[in-house]
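Participant: Got data-v4.cif for you, mmCIF, C-alpha atoms:
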```
data_structure
#
loop_
_atom_site.group_PDB
_atom_site.id
_atom_site.type_symbol
_atom_site.label_atom_id
_atom_site.label_comp_id
_atom_site.auth_asym_id
_atom_site.auth_seq_id
_atom_site.Cartn_x
_atom_site.Cartn_y
_atom_site.Cartn_z
ATOM 1 C CA MET A 93 -36.897 10.123 110.593
ATOM 2 C CA LYS A 94 -34.660 10.761 113.549
ATOM 3 C CA ARG A 95 -31.946 8.330 114.564
ATOM 4 C CA MET A 96 -30.191 8.016 117.918
ATOM 5 C CA LEU A 97 -26.857 6.193 118.064
ATOM 6 C CA ARG A 98 -26.602 4.152 121.267
ATOM 7 C CA ARG A 99 -23.020 2.994 120.882
ATOM 8 C CA GLN A 100 -20.143 3.795 118.597
ATOM 9 C CA PHE A 101 -17.802 1.179 117.242
ATOM 10 C CA LEU A 102 -14.587 1.473 115.290
ATOM 11 C CA LEU A 103 -14.685 -0.488 112.067
ATOM 12 C CA ALA A 104 -12.031 -3.126 111.579
ATOM 13 C CA THR A 105 -11.426 -1.694 108.129
ATOM 14 C CA GLY A 106 -11.580 1.768 106.608
ATOM 15 C CA ALA A 107 -9.510 4.774 107.387
ATOM 16 C CA LEU A 108 -7.297 3.116 110.016
ATOM 17 C CA LEU A 109 -6.120 0.506 107.518
ATOM 18 C CA ALA A 110 -6.294 2.552 104.344
ATOM 19 C CA ALA A 111 -2.989 4.394 104.599
ATOM 20 C CA PRO A 112 -0.637 1.425 105.026
ATOM 21 C CA PHE A 113 -2.404 -0.604 102.351
ATOM 22 C CA ALA A 114 -2.638 2.281 99.890
ATOM 23 C CA ALA A 115 1.070 2.872 100.225
ATOM 24 C CA ASN A 116 1.649 -0.679 99.019
ATOM 25 C CA ALA A 117 -0.908 -0.692 96.182
ATOM 26 C CA GLN A 118 0.131 -2.067 92.847
ATOM 27 C CA THR A 119 2.244 0.349 90.810
ATOM 28 C CA SER A 120 3.575 -2.080 88.207
ATOM 29 C CA GLY A 121 1.406 -0.615 85.468
ATOM 30 C CA LYS A 122 -0.583 -3.841 85.082
ATOM 31 C CA ILE A 123 -4.338 -3.530 84.879
ATOM 32 C CA TYR A 124 -6.076 -6.243 86.895
ATOM 33 C CA ARG A 125 -9.489 -7.621 86.016
ATOM 34 C CA ILE A 126 -11.897 -8.139 88.924
ATOM 35 C CA GLY A 127 -15.132 -10.075 88.530
ATOM 36 C CA TYR A 128 -18.058 -9.003 90.702
ATOM 37 C CA ILE A 129 -21.322 -10.940 90.795
ATOM 38 C CA GLN A 130 -24.516 -10.366 92.772
ATOM 39 C CA THR A 131 -27.987 -11.886 92.861
ATOM 40 C CA ALA A 132 -29.563 -8.462 93.352
ATOM 41 C CA ALA A 133 -30.338 -5.819 90.765
ATOM 42 C CA PRO A 134 -27.761 -2.982 90.641
ATOM 43 C CA SER A 135 -30.059 -0.610 92.544
ATOM 44 C CA GLU A 136 -30.750 -3.185 95.279
ATOM 45 C CA ALA A 137 -27.028 -3.789 95.811
ATOM 46 C CA ALA A 138 -25.848 -0.213 95.257
ATOM 47 C CA HIS A 139 -24.723 0.454 98.829
ATOM 48 C CA VAL A 140 -22.715 -2.763 99.204
ATOM 49 C CA THR A 141 -21.167 -2.340 95.742
ATOM 50 C CA LYS A 142 -20.176 1.173 96.784
ATOM 51 C CA ALA A 143 -18.610 -0.158 99.998
ATOM 52 C CA PHE A 144 -16.512 -2.657 98.027
ATOM 53 C CA GLU A 145 -15.395 -0.022 95.521
ATOM 54 C CA GLU A 146 -14.509 2.402 98.327
ATOM 55 C CA GLY A 147 -12.468 -0.341 99.964
ATOM 56 C CA LEU A 148 -10.524 -0.804 96.735
ATOM 57 C CA ARG A 149 -9.874 2.926 96.387
ATOM 58 C CA GLU A 150 -8.586 3.098 99.958
ATOM 59 C CA LEU A 151 -6.068 0.442 98.958
ATOM 60 C CA GLY A 152 -4.918 2.403 95.929
ATOM 61 C CA TYR A 153 -6.952 0.718 93.191
ATOM 62 C CA VAL A 154 -8.599 3.035 90.682
ATOM 63 C CA GLU A 155 -10.970 1.717 88.065
ATOM 64 C CA GLY A 156 -9.688 2.463 84.589
ATOM 65 C CA LYS A 157 -6.179 3.029 85.910
ATOM 66 C CA ASN A 158 -4.987 -0.198 87.505
ATOM 67 C CA ILE A 159 -8.196 -2.271 87.675
ATOM 68 C CA VAL A 160 -11.187 -3.128 85.521
ATOM 69 C CA ILE A 161 -14.320 -4.387 87.293
ATOM 70 C CA GLU A 162 -16.616 -6.731 85.401
ATOM 71 C CA ARG A 163 -19.994 -6.463 87.161
ATOM 72 C CA ARG A 164 -22.816 -8.953 86.768
ATOM 73 C CA PHE A 165 -26.237 -8.728 88.455
ATOM 74 C CA ALA A 166 -28.943 -11.395 88.336
ATOM 75 C CA GLY A 167 -31.790 -8.981 89.077
ATOM 76 C CA GLY A 168 -33.063 -11.146 91.924
ATOM 77 C CA LYS A 169 -33.241 -14.271 89.731
ATOM 78 C CA VAL A 170 -31.105 -16.958 91.362
ATOM 79 C CA GLU A 171 -31.546 -19.199 88.338
ATOM 80 C CA ARG A 172 -29.447 -16.762 86.286
ATOM 81 C CA LEU A 173 -26.390 -17.116 88.512
ATOM 82 C CA PRO A 174 -24.795 -20.134 86.743
ATOM 83 C CA GLU A 175 -25.012 -18.360 83.396
ATOM 84 C CA LEU A 176 -23.529 -15.135 84.750
ATOM 85 C CA ALA A 177 -20.798 -16.990 86.634
ATOM 86 C CA ALA A 178 -19.785 -18.868 83.476
ATOM 87 C CA GLU A 179 -19.757 -15.573 81.580
ATOM 88 C CA LEU A 180 -17.405 -14.035 84.122
ATOM 89 C CA VAL A 181 -15.098 -17.042 84.102
ATOM 90 C CA ARG A 182 -14.752 -16.823 80.324
ATOM 91 C CA LEU A 183 -13.317 -13.316 80.789
ATOM 92 C CA LYS A 184 -10.494 -14.854 82.852
ATOM 93 C CA PRO A 185 -10.482 -12.320 85.705
ATOM 94 C CA ASP A 186 -7.672 -12.285 88.270
ATOM 95 C CA VAL A 187 -10.208 -12.682 91.085
ATOM 96 C CA ILE A 188 -13.994 -12.926 91.485
ATOM 97 C CA VAL A 189 -15.936 -11.333 94.365
ATOM 98 C CA THR A 190 -19.280 -12.894 95.275
ATOM 99 C CA GLY A 191 -22.221 -12.310 97.555
ATOM 100 C CA SER A 192 -23.726 -15.063 99.719
ATOM 101 C CA ASN A 193 -24.038 -18.844 99.392
ATOM 102 C CA PRO A 194 -26.040 -19.257 96.137
ATOM 103 C CA VAL A 195 -23.611 -16.954 94.318
ATOM 104 C CA ILE A 196 -20.581 -18.717 95.793
ATOM 105 C CA ALA A 197 -22.000 -22.075 94.715
ATOM 106 C CA ALA A 198 -22.559 -20.850 91.143
ATOM 107 C CA VAL A 199 -19.026 -19.473 90.788
ATOM 108 C CA ARG A 200 -17.453 -22.532 92.413
ATOM 109 C CA GLU A 201 -19.255 -24.690 89.853
ATOM 110 C CA ALA A 202 -17.844 -22.544 87.039
ATOM 111 C CA THR A 203 -14.201 -22.512 88.175
ATOM 112 C CA ALA A 204 -11.888 -24.326 90.558
ATOM 113 C CA THR A 205 -8.851 -22.182 89.745
ATOM 114 C CA ILE A 206 -9.777 -18.482 89.629
ATOM 115 C CA PRO A 207 -9.548 -17.012 93.171
ATOM 116 C CA LEU A 208 -12.974 -16.416 94.701
ATOM 117 C CA VAL A 209 -13.577 -13.967 97.567
ATOM 118 C CA MET A 210 -16.772 -14.487 99.585
ATOM 119 C CA THR A 211 -18.384 -11.494 101.274
ATOM 120 C CA GLY A 212 -20.990 -13.135 103.484
ATOM 121 C CA SER A 213 -21.026 -16.910 103.429
ATOM 122 C CA ARG A 214 -23.136 -18.761 105.955
ATOM 123 C CA ASP A 215 -21.437 -21.840 107.396
ATOM 124 C CA PRO A 216 -18.813 -22.013 104.603
ATOM 125 C CA VAL A 217 -17.314 -25.239 105.994
ATOM 126 C CA GLY A 218 -20.680 -26.968 106.361
ATOM 127 C CA SER A 219 -21.670 -25.713 102.910
ATOM 128 C CA GLY A 220 -18.632 -27.436 101.440
ATOM 129 C CA PHE A 221 -16.979 -24.275 100.148
ATOM 130 C CA ILE A 222 -13.798 -24.556 102.234
ATOM 131 C CA ALA A 223 -11.923 -27.183 104.236
ATOM 132 C CA SER A 224 -11.570 -25.029 107.362
ATOM 133 C CA LEU A 225 -11.674 -21.384 108.391
ATOM 134 C CA ALA A 226 -7.948 -21.313 109.167
ATOM 135 C CA ARG A 227 -6.847 -23.044 105.949
ATOM 136 C CA PRO A 228 -9.616 -22.866 103.366
ATOM 137 C CA GLY A 229 -7.729 -24.788 100.677
ATOM 138 C CA GLY A 230 -8.706 -24.587 97.023
ATOM 139 C CA ASN A 231 -9.549 -21.267 95.396
ATOM 140 C CA ILE A 232 -12.021 -19.802 97.932
ATOM 141 C CA THR A 233 -11.531 -17.421 100.865
ATOM 142 C CA GLY A 234 -13.165 -14.275 102.246
ATOM 143 C CA VAL A 235 -15.625 -13.321 104.977
ATOM 144 C CA ALA A 236 -18.302 -15.361 106.765
ATOM 145 C CA SER A 237 -21.477 -13.581 107.824
ATOM 146 C CA ASP A 238 -21.809 -15.126 111.290
ATOM 147 C CA PRO A 239 -20.025 -17.518 113.671
ATOM 148 C CA SER A 240 -22.293 -20.565 113.183
ATOM 149 C CA PRO A 241 -25.863 -21.636 112.336
ATOM 150 C CA GLU A 242 -26.718 -21.402 116.041
ATOM 151 C CA PHE A 243 -26.362 -17.644 115.707
ATOM 152 C CA PHE A 244 -29.742 -17.617 113.947
ATOM 153 C CA GLY A 245 -31.314 -18.855 117.173
ATOM 154 C CA LYS A 246 -30.467 -15.506 118.752
ATOM 155 C CA HIS A 247 -32.992 -13.879 116.407
ATOM 156 C CA VAL A 248 -35.700 -16.063 117.885
ATOM 157 C CA GLU A 249 -34.536 -15.215 121.401
ATOM 158 C CA LEU A 250 -34.590 -11.491 120.595
ATOM 159 C CA LEU A 251 -38.086 -11.756 119.170
ATOM 160 C CA LYS A 252 -39.311 -13.452 122.358
ATOM 161 C CA GLU A 253 -37.690 -10.740 124.463
ATOM 162 C CA MET A 254 -39.502 -8.032 122.543
ATOM 163 C CA MET A 255 -42.790 -9.946 122.389
ATOM 164 C CA PRO A 256 -42.914 -12.111 125.545
ATOM 165 C CA ARG A 257 -46.567 -13.054 124.972
ATOM 166 C CA ALA A 258 -46.007 -14.352 121.436
ATOM 167 C CA SER A 259 -46.602 -18.068 120.950
ATOM 168 C CA ARG A 260 -46.701 -18.610 117.162
ATOM 169 C CA ILE A 261 -43.911 -17.426 114.872
ATOM 170 C CA ALA A 262 -42.693 -18.206 111.362
ATOM 171 C CA VAL A 263 -39.266 -18.392 109.765
ATOM 172 C CA LEU A 264 -38.860 -17.143 106.205
ATOM 173 C CA TRP A 265 -36.017 -18.931 104.432
ATOM 174 C CA ASN A 266 -34.775 -20.042 101.007
ATOM 175 C CA PRO A 267 -34.363 -23.847 100.903
ATOM 176 C CA ALA A 268 -32.180 -23.724 97.777
ATOM 177 C CA ALA A 269 -29.284 -21.954 99.485
ATOM 178 C CA PRO A 270 -26.441 -24.191 100.773
ATOM 179 C CA ALA A 271 -26.645 -24.637 104.579
ATOM 180 C CA ALA A 272 -30.133 -23.058 104.672
ATOM 181 C CA ASP A 273 -31.736 -26.079 106.345
ATOM 182 C CA THR A 274 -29.055 -26.085 109.042
ATOM 183 C CA TYR A 275 -30.001 -22.512 109.967
ATOM 184 C CA ARG A 276 -33.718 -23.293 109.896
ATOM 185 C CA LYS A 277 -33.182 -26.176 112.332
ATOM 186 C CA ALA A 278 -31.193 -23.871 114.631
ATOM 187 C CA ALA A 279 -34.168 -21.498 114.709
ATOM 188 C CA GLU A 280 -36.507 -24.410 115.428
ATOM 189 C CA ARG A 281 -34.377 -25.533 118.380
ATOM 190 C CA ALA A 282 -34.381 -22.025 119.817
ATOM 191 C CA ALA A 283 -38.144 -21.724 119.354
ATOM 192 C CA SER A 284 -38.730 -25.084 121.044
ATOM 193 C CA LYS A 285 -36.657 -24.081 124.083
ATOM 194 C CA LEU A 286 -38.734 -20.910 124.410
ATOM 195 C CA GLY A 287 -42.049 -22.723 124.060
ATOM 196 C CA LEU A 288 -42.812 -21.185 120.661
ATOM 197 C CA ALA A 289 -44.623 -22.933 117.834
ATOM 198 C CA MET A 290 -42.728 -22.193 114.625
ATOM 199 C CA LEU A 291 -44.053 -22.379 111.075
ATOM 200 C CA SER A 292 -41.547 -23.036 108.290
ATOM 201 C CA ALA A 293 -42.194 -20.614 105.412
ATOM 202 C CA PRO A 294 -39.875 -21.501 102.511
ATOM 203 C CA ILE A 295 -39.413 -18.862 99.804
ATOM 204 C CA HIS A 296 -37.890 -19.811 96.447
ATOM 205 C CA GLY A 297 -38.551 -16.470 94.754
ATOM 206 C CA ARG A 298 -40.151 -13.105 95.412
ATOM 207 C CA ASP A 299 -43.255 -14.163 93.463
ATOM 208 C CA GLU A 300 -44.124 -16.475 96.390
ATOM 209 C CA LEU A 301 -44.113 -13.770 99.043
ATOM 210 C CA ASP A 302 -47.719 -12.573 98.707
ATOM 211 C CA GLY A 303 -49.097 -16.081 99.068
ATOM 212 C CA THR A 304 -46.767 -16.922 101.951
ATOM 213 C CA PHE A 305 -47.758 -13.843 103.953
ATOM 214 C CA ALA A 306 -51.436 -14.577 103.306
ATOM 215 C CA THR A 307 -50.899 -18.115 104.626
ATOM 216 C CA MET A 308 -49.156 -16.791 107.740
ATOM 217 C CA ALA A 309 -52.089 -14.465 108.359
ATOM 218 C CA ARG A 310 -54.564 -17.357 108.080
ATOM 219 C CA LYS A 311 -52.480 -19.405 110.506
ATOM 220 C CA ARG A 312 -52.449 -16.483 112.959
ATOM 221 C CA ILE A 313 -48.693 -16.105 113.000
ATOM 222 C CA GLU A 314 -47.735 -13.342 115.422
ATOM 223 C CA ALA A 315 -44.177 -12.524 114.295
ATOM 224 C CA ILE A 316 -41.482 -13.593 111.839
ATOM 225 C CA VAL A 317 -37.746 -14.180 111.713
ATOM 226 C CA VAL A 318 -36.005 -13.908 108.348
ATOM 227 C CA GLN A 319 -33.024 -16.039 107.419
ATOM 228 C CA GLY A 320 -30.169 -14.484 105.465
ATOM 229 C CA GLY A 321 -29.698 -14.964 101.748
ATOM 230 C CA PRO A 322 -29.957 -13.119 98.446
ATOM 231 C CA VAL A 323 -33.568 -14.025 97.623
ATOM 232 C CA LEU A 324 -35.032 -12.289 100.672
ATOM 233 C CA PHE A 325 -32.379 -9.560 100.799
ATOM 234 C CA THR A 326 -33.104 -8.445 97.246
ATOM 235 C CA ALA A 327 -36.850 -8.573 97.978
ATOM 236 C CA ARG A 328 -36.506 -6.729 101.290
ATOM 237 C CA ALA A 329 -38.756 -3.813 100.284
ATOM 238 C CA GLN A 330 -41.530 -6.259 99.366
ATOM 239 C CA VAL A 331 -40.984 -8.243 102.575
ATOM 240 C CA ILE A 332 -41.366 -5.121 104.711
ATOM 241 C CA GLN A 333 -44.355 -3.910 102.710
ATOM 242 C CA LEU A 334 -46.149 -7.217 103.304
ATOM 243 C CA ALA A 335 -45.106 -7.397 106.960
ATOM 244 C CA THR A 336 -46.543 -3.914 107.451
ATOM 245 C CA LYS A 337 -49.757 -4.819 105.610
ATOM 246 C CA HIS A 338 -50.301 -7.890 107.782
ATOM 247 C CA ARG A 339 -49.022 -6.171 110.938
ATOM 248 C CA LEU A 340 -46.327 -8.780 111.450
ATOM 249 C CA PRO A 341 -43.314 -7.680 113.512
ATOM 250 C CA GLY A 342 -40.052 -9.250 112.450
ATOM 251 C CA VAL A 343 -36.448 -9.766 113.459
ATOM 252 C CA PHE A 344 -34.042 -9.655 110.537
ATOM 253 C CA TYR A 345 -30.382 -10.468 109.981
ATOM 254 C CA ALA A 346 -29.491 -7.120 108.350
ATOM 255 C CA ARG A 347 -30.164 -3.492 109.223
ATOM 256 C CA GLU A 348 -31.347 -2.789 105.673
ATOM 257 C CA PHE A 349 -34.715 -4.347 106.553
ATOM 258 C CA VAL A 350 -35.101 -2.151 109.645
ATOM 259 C CA GLU A 351 -34.243 0.993 107.709
ATOM 260 C CA LEU A 352 -37.238 0.185 105.491
ATOM 261 C CA GLY A 353 -39.573 -0.312 108.453
ATOM 262 C CA GLY A 354 -38.782 -3.721 109.930
ATOM 263 C CA LEU A 355 -38.938 -4.020 113.715
ATOM 264 C CA ALA A 356 -35.382 -5.110 114.576
ATOM 265 C CA SER A 357 -32.207 -6.651 113.218
ATOM 266 C CA TYR A 358 -29.196 -8.343 114.727
ATOM 267 C CA GLY A 359 -26.147 -9.299 112.721
ATOM 268 C CA SER A 360 -22.965 -8.215 111.030
ATOM 269 C CA SER A 361 -22.904 -5.358 108.537
ATOM 270 C CA VAL A 362 -23.362 -6.519 104.936
ATOM 271 C CA ALA A 363 -21.647 -3.352 103.680
ATOM 272 C CA ASP A 364 -18.687 -3.840 106.042
ATOM 273 C CA ASN A 365 -18.242 -7.395 104.773
ATOM 274 C CA PHE A 366 -18.048 -6.128 101.196
ATOM 275 C CA ARG A 367 -15.559 -3.459 102.206
ATOM 276 C CA ARG A 368 -13.440 -6.101 103.899
ATOM 277 C CA ALA A 369 -13.475 -8.162 100.697
ATOM 278 C CA ALA A 370 -11.307 -5.479 99.085
ATOM 279 C CA VAL A 371 -8.487 -6.377 101.504
ATOM 280 C CA TYR A 372 -8.630 -9.986 100.307
ATOM 281 C CA VAL A 373 -8.601 -8.862 96.678
ATOM 282 C CA ASP A 374 -5.515 -6.734 97.371
ATOM 283 C CA LYS A 375 -3.661 -9.660 98.963
ATOM 284 C CA ILE A 376 -4.544 -12.012 96.101
ATOM 285 C CA LEU A 377 -3.487 -9.525 93.439
ATOM 286 C CA LYS A 378 -0.159 -9.266 95.259
ATOM 287 C CA GLY A 379 0.363 -13.016 95.005
ATOM 288 C CA ALA A 380 -1.310 -14.559 98.039
ATOM 289 C CA LYS A 381 -3.016 -17.926 97.479
ATOM 290 C CA PRO A 382 -6.694 -17.868 98.484
ATOM 291 C CA GLY A 383 -6.465 -21.346 100.007
ATOM 292 C CA GLU A 384 -3.898 -20.043 102.486
ATOM 293 C CA LEU A 385 -5.810 -16.896 103.526
ATOM 294 C CA PRO A 386 -7.924 -17.622 106.638
ATOM 295 C CA VAL A 387 -11.641 -16.934 106.308
ATOM 296 C CA GLU A 388 -12.694 -14.198 108.706
ATOM 297 C CA GLN A 389 -15.705 -14.333 110.965
ATOM 298 C CA PRO A 390 -17.286 -11.045 112.021
ATOM 299 C CA THR A 391 -16.598 -9.916 115.564
ATOM 300 C CA ARG A 392 -19.003 -6.991 115.566
ATOM 301 C CA PHE A 393 -22.768 -7.511 115.564
ATOM 302 C CA GLU A 394 -25.189 -4.609 115.696
ATOM 303 C CA LEU A 395 -28.664 -4.515 117.164
ATOM 304 C CA VAL A 396 -30.903 -2.007 115.397
ATOM 305 C CA ILE A 397 -34.464 -1.310 116.559
ATOM 306 C CA ASN A 398 -37.133 0.682 114.758
ATOM 307 C CA LEU A 399 -39.078 2.257 117.613
ATOM 308 C CA LYS A 400 -41.433 3.958 115.181
ATOM 309 C CA THR A 401 -42.474 0.540 113.853
ATOM 310 C CA ALA A 402 -42.851 -0.830 117.382
ATOM 311 C CA LYS A 403 -45.211 2.016 118.307
ATOM 312 C CA SER A 404 -47.277 1.551 115.148
ATOM 313 C CA LEU A 405 -47.703 -2.144 116.035
ATOM 314 C CA GLY A 406 -48.527 -1.399 119.652
ATOM 315 C CA ILE A 407 -45.379 -3.112 120.926
ATOM 316 C CA THR A 408 -43.654 -1.788 124.034
ATOM 317 C CA ILE A 409 -40.027 -2.837 123.943
ATOM 318 C CA ALA A 410 -38.474 -3.443 127.337
ATOM 319 C CA GLN A 411 -35.847 -0.972 128.455
ATOM 320 C CA ALA A 412 -33.428 -3.862 128.972
ATOM 321 C CA VAL A 413 -33.574 -4.493 125.216
ATOM 322 C CA LEU A 414 -33.412 -0.842 124.203
ATOM 323 C CA VAL A 415 -30.258 -0.154 126.203
ATOM 324 C CA ARG A 416 -28.480 -2.937 124.316
ATOM 325 C CA ALA A 417 -29.335 -1.429 120.944
ATOM 326 C CA ASP A 418 -26.539 0.057 118.860
ATOM 327 C CA GLU A 419 -29.077 2.214 117.087
ATOM 328 C CA VAL A 420 -32.722 3.109 117.663
ATOM 329 C CA ILE A 421 -34.730 4.586 114.816
ATOM 330 C CA GLU A 422 -37.524 6.876 116.029
#
```
Take the structure in the file and give it back as structure tokens.
Facilitator:
Amino acid sequence: MKRMLRRQFLLATGALLAAPFAANAQTSGKIYRIGYIQTAAPSEAAHVTKAFEEGLRELGYVEGKNIVIERRFAGGKVERLPELAAELVRLKPDVIVTGSNPVIAAVREATATIPLVMTGSRDPVGSGFIASLARPGGNITGVASDPSPEFFGKHVELLKEMMPRASRIAVLWNPAAPAADTYRKAAERAASKLGLAMLSAPIHGRDELDGTFATMARKRIEAIVVQGGPVLFTARAQVIQLATKHRLPGVFYAREFVELGGLASYGSSVADNFRRAAVYVDKILKGAKPGELPVEQPTRFELVINLKTAKSLGITIAQAVLVRADEVIE
């Protein structure tokens, strides 16, 4: 599969920041304990875990030398998160790194004192995790995944641009995640403005996906948008397999779906957010209070289009859309 890069962007983290931070890495001889918890199975989260660990190494932290990482994975089962969070808290780590909203909620319930670094929260203020982006307060800080719930409406707009004749779409979302309904309503508003009928397709677990896609097929849904969150992210291979089976084009929030055969994605990089979390961990281990570390919002959003998928679905994507793409997969 051939890939053409349309634009090149410098990452806000990585090599440019590594040298100054690494020079200041902890050398006191203390070994710090870092908790790390994900909804996904280890294999499903391997690339983002790697990004986080690389970020730590660039800052001078070496596992077994000056840090120990306690990793916990729920294997796609959100209901296991409270148990795993409590298990981590009992180990009394110096800091805990989490994934998205359901994981944050589970850890917050388990501790109000151990510093918690988010890697991709959606609407962290509206979700009740922090007081404000500038001064989070409490024990939580980190990285938000997008500027606001209205950002999800851009996925609907992109879908309409690529499929101007579409009239019936569906949004796949997990109702259990904090702030999920706010994002769903943002998608509904965007769909209404564009004259699109939108079906709400709630997903509580991957075991519901087959039935949901069958329902969408019966209702003659023409395309889908997928809301962010660990349930659908961990089941992304199944989502794409079913979308392909039912010939449903989709716009996703993360490039990982498009790499598996989804039509298009628009959003921040999940891996970059995890890499950035290492910077927060470094600051906290050096004495910074999480409640005083501003929560960052991503400033770089990438549009990725799978042209091979478009051709297989008989979709001709307008040149005006293609030229905006950061990457086109052919």
Participant: Considering only C-alpha atoms, state which residue in the set A:Gly152, A:Pro270, A:Gly167, A:Gly320 is at the smallest distance from A:Pro194.
Facilitator: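 Going through A:Gly152, A:Pro270, A:Gly167, A:Gly320 one by one, the smallest distance to A:Pro194 is for A:Pro270.
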Participant: Nearest residue to A:Phe144 out of A:Val209, A:Ala412, A:Leu180, A:Leu399, using only C-alpha atoms?
Facilitator: A:Val209
Participant: Which one of A:Asn158, A:Thr205, A:Asn365, A:Gln319 sits closest to A:Thr190 if you count all atoms listed in the file?
Facilitator: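 Of the candidates, the smallest distance to A:Thr190 is held by A:Asn365.
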Participant: Evaluate the PyMOL selection byres ((chain A and resi 369) around 9) here and jot the selected residues down as a PyMOL selection string.
Facilitator: chain A and resi 144+147-148+189+209-211+234-235+364-368+370-374
Participant: Between atom CA of A:Ala272 and atom CA of A:Arg312, what is the spacing in Å?
Facilitator: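 Result for atom CA of A:Arg312 versus atom CA of A:Ala272: 24.7 Å, one decimal.
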Participant: Write out as a ChimeraX atom specification each polymer residue whose atoms come within 6 Å of A:Ala315, counting all atoms listed in the file; drop sequence neighbours fewer than 5 positions from it.
Facilitator: /A:261,340-342
Participant: Skipping near chain neighbours, those fewer than 6 positions away, what residues fall within 8 Å of A:Thr326 using all atoms listed in the file, listed as a PDB file with C-alpha atoms, in the frame of the given file?
Facilitator:
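See part_38.pdb below for the written result:
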```pdb
ATOM      1  CA  THR A 131     -27.987 -11.886  92.861  1.00  0.00           C
ATOM      2  CA  ALA A 132     -29.563  -8.462  93.352  1.00  0.00           C
ATOM      3  CA  ALA A 133     -30.338  -5.819  90.765  1.00  0.00           C
ATOM      4  CA  GLU A 136     -30.750  -3.185  95.279  1.00  0.00           C
ATOM      5  CA  ALA A 137     -27.028  -3.789  95.811  1.00  0.00           C
ATOM      6  CA  GLY A 168     -33.063 -11.146  91.924  1.00  0.00           C
TER       7      GLY A 168
END
```
Participant: Counting only C-alpha atoms, figure out which residue out of A:Leu225, A:Ala356, A:Leu291, A:Ile126 gets nearest to A:Thr401.
Facilitator: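 Smallest distance to A:Thr401 is found for A:Ala356.
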Participant: Applying the PyMOL selection byres ((chain A and resi 192) around 9) to the file I just gave you, which residues come out? Please list them as a PyMOL selection string.
Facilitator: chain A and resi 130-131+190-191+193-197+210-214+236-237+269+320-322
